[in-house]
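All remarks here apply to the structure that follows.
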Amino acid sequence: MQTAAQSDDYVAQAADKLTIEEIAFEAGELPVLPQVILKLVELTNNPKVRPETVEHMIETDQGATARVLTLANSPYYGLPRRISCVREAVVILGYKSVNNLASQITVFNTFLGKGDSVSLARRDLWKHSLYTGQCSKIICTWLNSNDQLIVDPEEAFTAALLHDMGKLALLSVLPEEYAAAQIASRTSGMRFHDTERDFLPYTHAVVGNAMAERWSLPDTLCDAVLNHHSPLDSQTKPELVAVVTLADEIALGLHESTAPRAALETASECVTDAAAILQFSPNVLRGITNACRLEMSKGISLSSYD
């Protein structure tokens, strides 16, 4: 582990070389799974396919979700408000635009079927993002009542799916530094977001927010990406950020342990903050964790991509 002085020197040097905007720019667009591209082209060529089917396929991939939302929020459509969920975006764009988008995507940095460390890290991030998205929907079912929609589950899923996209950028632009932070996290038992500051010029949350702003995503999504480890810092919709925070912690904990309560018992203090925002008691948190564990045991349709 680096000393504090060494860490400060490293960060200062790295920051001189690359700004946040440069990292976001060099990372480019998020890669899209080739299976998703081919399936989207097939689905959108069939006028009888239900929008929900197209929506579900897009939501299995971070890159596809980001591209569709970016297109829907582009000046070309001139919408009076930002679109924050895939369902609305598909309705606004229509099958033809989604088909054109899928056809134009250049598949690069494809990570399935490869065994190198960067590809495996991307695969882990992809799976974790899907797990987090599914957990966010489960949390929303516990949060929302029949007469009150506190957090839209579709918006929560989108935010959860994109919450760690800053990691993908850092992994792409600074792979050696990212790997060092990851190793430090594993050997020390600390969370990645606690060790990354010692090896990377910017946190994945800050880089992810820069990417979201560059793509003109809604403020609510930018806020969730930026503050998913610090929900009390939310500036737009703290309930949405809190849902993503809990989903992230539950998905991570359940992935690392088979014990149903381990996900929150070993989590960082941001769980306490998120639970306070959502007014969840310890019993409710345990119930949510168990529900997420049952859903994750089903594989969340990941078998199609293994």
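We name chains A, B, ... following the order of the structure tokens; residues begin at 1 in each chain, and ligands are numbered from 1 as shown.
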
Neighbours of Asn227 in chain A within 12 Å (only C-alpha atoms; same-chain residues fewer than 2 positions away dropped), as a compact mmCIF listing (two decimals) with N, CA and C atoms, in the first residue's frame?
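So the final result, stored in out24.txt, reads:
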# COMPACT_ATOMS: atom_id res chain seq x y z
N ALA A 159 -30.69 4.11 -13.39
CA ALA A 159 -29.63 4.69 -12.56
C ALA A 159 -28.73 3.61 -11.99
N ALA A 160 -29.32 2.51 -11.56
CA ALA A 160 -28.54 1.41 -10.99
C ALA A 160 -27.67 0.75 -12.05
N HIS A 163 -24.66 3.10 -12.62
CA HIS A 163 -24.00 3.71 -11.47
C HIS A 163 -22.48 3.55 -11.46
N ASP A 164 -21.97 2.45 -12.00
CA ASP A 164 -20.53 2.19 -11.97
C ASP A 164 -19.85 2.41 -13.32
N HIS A 193 -14.15 1.88 -3.45
CA HIS A 193 -14.27 3.34 -3.44
C HIS A 193 -13.48 3.98 -2.30
N THR A 203 -12.28 9.65 -8.51
CA THR A 203 -13.10 8.48 -8.16
C THR A 203 -13.97 8.08 -9.34
N HIS A 204 -14.42 6.82 -9.32
CA HIS A 204 -15.28 6.35 -10.41
C HIS A 204 -16.62 7.10 -10.42
N ALA A 205 -17.05 7.57 -9.24
CA ALA A 205 -18.31 8.32 -9.18
C ALA A 205 -18.18 9.66 -9.90
N VAL A 206 -17.06 10.33 -9.69
CA VAL A 206 -16.83 11.63 -10.33
C VAL A 206 -16.68 11.46 -11.84
N VAL A 207 -15.94 10.45 -12.27
CA VAL A 207 -15.76 10.19 -13.70
C VAL A 207 -17.09 9.79 -14.34
N GLY A 208 -17.84 8.93 -13.66
CA GLY A 208 -19.14 8.53 -14.19
C GLY A 208 -20.08 9.70 -14.36
N ASN A 209 -20.05 10.63 -13.42
CA ASN A 209 -20.88 11.82 -13.53
C ASN A 209 -20.46 12.67 -14.73
N ASP A 219 -30.45 15.24 -14.94
CA ASP A 219 -29.76 15.57 -13.69
C ASP A 219 -29.95 14.49 -12.63
N THR A 220 -31.13 13.86 -12.62
CA THR A 220 -31.39 12.83 -11.62
C THR A 220 -30.44 11.63 -11.79
N LEU A 221 -30.16 11.26 -13.03
CA LEU A 221 -29.23 10.15 -13.28
C LEU A 221 -27.79 10.56 -12.97
N CYS A 222 -27.43 11.79 -13.34
CA CYS A 222 -26.09 12.29 -13.01
C CYS A 222 -25.88 12.28 -11.51
N ASP A 223 -26.89 12.72 -10.79
CA ASP A 223 -26.83 12.79 -9.33
C ASP A 223 -26.66 11.40 -8.72
N ALA A 224 -27.40 10.43 -9.25
CA ALA A 224 -27.32 9.06 -8.72
C ALA A 224 -25.96 8.45 -8.98
N VAL A 225 -25.40 8.70 -10.16
CA VAL A 225 -24.06 8.18 -10.47
C VAL A 225 -23.01 8.83 -9.57
N HIS A 229 -22.43 6.46 -3.40
CA HIS A 229 -21.76 6.07 -2.16
C HIS A 229 -21.97 7.12 -1.06
N SER A 230 -22.67 8.19 -1.39
CA SER A 230 -22.91 9.26 -0.41
C SER A 230 -24.29 9.86 -0.64
N PRO A 231 -25.35 9.11 -0.37
CA PRO A 231 -26.71 9.57 -0.69
C PRO A 231 -27.12 10.87 -0.01
N LEU A 232 -26.50 11.18 1.13
CA LEU A 232 -26.85 12.43 1.81
C LEU A 232 -26.40 13.65 1.02
N ASP A 233 -25.51 13.45 0.04
CA ASP A 233 -25.03 14.57 -0.77
C ASP A 233 -25.90 14.81 -2.00
N SER A 234 -26.95 14.03 -2.17
CA SER A 234 -27.81 14.18 -3.34
C SER A 234 -28.39 15.59 -3.42
N GLN A 235 -28.38 16.14 -4.63
CA GLN A 235 -28.87 17.49 -4.85
C GLN A 235 -30.19 17.54 -5.59
N THR A 236 -30.65 16.39 -6.12
CA THR A 236 -31.88 16.42 -6.92
C THR A 236 -32.96 15.50 -6.37
N LYS A 237 -32.65 14.23 -6.23
CA LYS A 237 -33.66 13.28 -5.78
C LYS A 237 -33.02 12.26 -4.83
N PRO A 238 -32.88 12.60 -3.55
CA PRO A 238 -32.17 11.72 -2.61
C PRO A 238 -32.78 10.33 -2.48
N GLU A 239 -34.10 10.23 -2.67
CA GLU A 239 -34.73 8.91 -2.58
C GLU A 239 -34.23 7.98 -3.69
N LEU A 240 -34.09 8.51 -4.89
CA LEU A 240 -33.57 7.72 -6.00
C LEU A 240 -32.13 7.29 -5.71
N VAL A 241 -31.31 8.23 -5.26
CA VAL A 241 -29.92 7.91 -4.95
C VAL A 241 -29.84 6.86 -3.85
N ALA A 242 -30.70 6.98 -2.85
CA ALA A 242 -30.70 6.02 -1.74
C ALA A 242 -31.07 4.61 -2.21
N VAL A 243 -32.01 4.53 -3.15
CA VAL A 243 -32.38 3.22 -3.71
C VAL A 243 -31.18 2.59 -4.41
N VAL A 244 -30.47 3.39 -5.20
CA VAL A 244 -29.29 2.88 -5.90
C VAL A 244 -28.21 2.47 -4.91
N THR A 245 -28.04 3.26 -3.86
CA THR A 245 -27.05 2.94 -2.83
C THR A 245 -27.33 1.58 -2.21
N ASP A 248 -26.87 -1.31 -4.73
CA ASP A 248 -25.44 -1.55 -4.95
C ASP A 248 -24.86 -2.38 -3.81
N CYS A 270 -22.86 4.18 4.33
CA CYS A 270 -23.83 4.77 3.42
C CYS A 270 -25.16 4.03 3.45
N ASP A 273 -27.27 5.77 5.98
CA ASP A 273 -27.78 7.02 5.42
C ASP A 273 -28.93 6.77 4.44
N ALA A 274 -28.76 5.77 3.59
CA ALA A 274 -29.80 5.46 2.61
C ALA A 274 -31.07 4.98 3.29

Each range 35-95 of chain A residue no farther than 12 Å from range 283-302 of chain A, nearest pair in Å, only C-alpha atoms, as a Markdown table:
| residue | atom | partner | partner_atom | distance |
| --- | --- | --- | --- | --- |
| A:His56 | CA | A:Ser301 | CA | 10.8 |
| A:Met57 | CA | A:Ser301 | CA | 10.8 |
| A:Glu59 | CA | A:Ser301 | CA | 11.7 |
| A:Thr60 | CA | A:Leu302 | CA | 8.8 |
| A:Asp61 | CA | A:Leu302 | CA | 11.1 |

Hey, can you spit out that residue selection with C-alpha atoms as a short mmCIF file (atom, residue, chain, number, x, y, z; two decimals), in the first residue's frame?
data_model
loop_
_atom_site.label_atom_id
_atom_site.label_comp_id
_atom_site.auth_asym_id
_atom_site.auth_seq_id
_atom_site.Cartn_x
_atom_site.Cartn_y
_atom_site.Cartn_z
CA HIS A 56 -35.91 -5.40 -21.81
CA MET A 57 -33.18 -6.19 -24.35
CA GLU A 59 -31.78 -2.81 -20.33
CA THR A 60 -29.52 -5.87 -20.29
CA ASP A 61 -26.62 -3.71 -21.40
#

Can you list every residue of range 113-154 of chain A that has an atom at most 12 Å from range 182-191 of chain A, with its nearest atom pair and the distance in Å to one decimal, using only C-alpha atoms, ordered by chain then number, as CSV?
residue,atom,partner,partner_atom,distance
A:Ser117,CA,A:Gln182,CA,11.4
A:Val118,CA,A:Gln182,CA,11.6
A:Ala121,CA,A:Gln182,CA,9.8

Legend entry - Surrounding residues of Cys140 in chain A excluding itself and chain neighbours under 6 positions, 8 Å, only C-alpha atoms, as a ChimeraX atom specification: /A:151-153,156,243

Inset, instruction - Report as a ChimeraX atom specification: the residues of range 72-268 of chain A with a DSSP assignment of alpha helix (DSSP H), based on the backbone of this structure. - result: /A:72,86-104,117-143,153-162,165-173,175-188,192-195,204-214,219-227,238-256,262-265
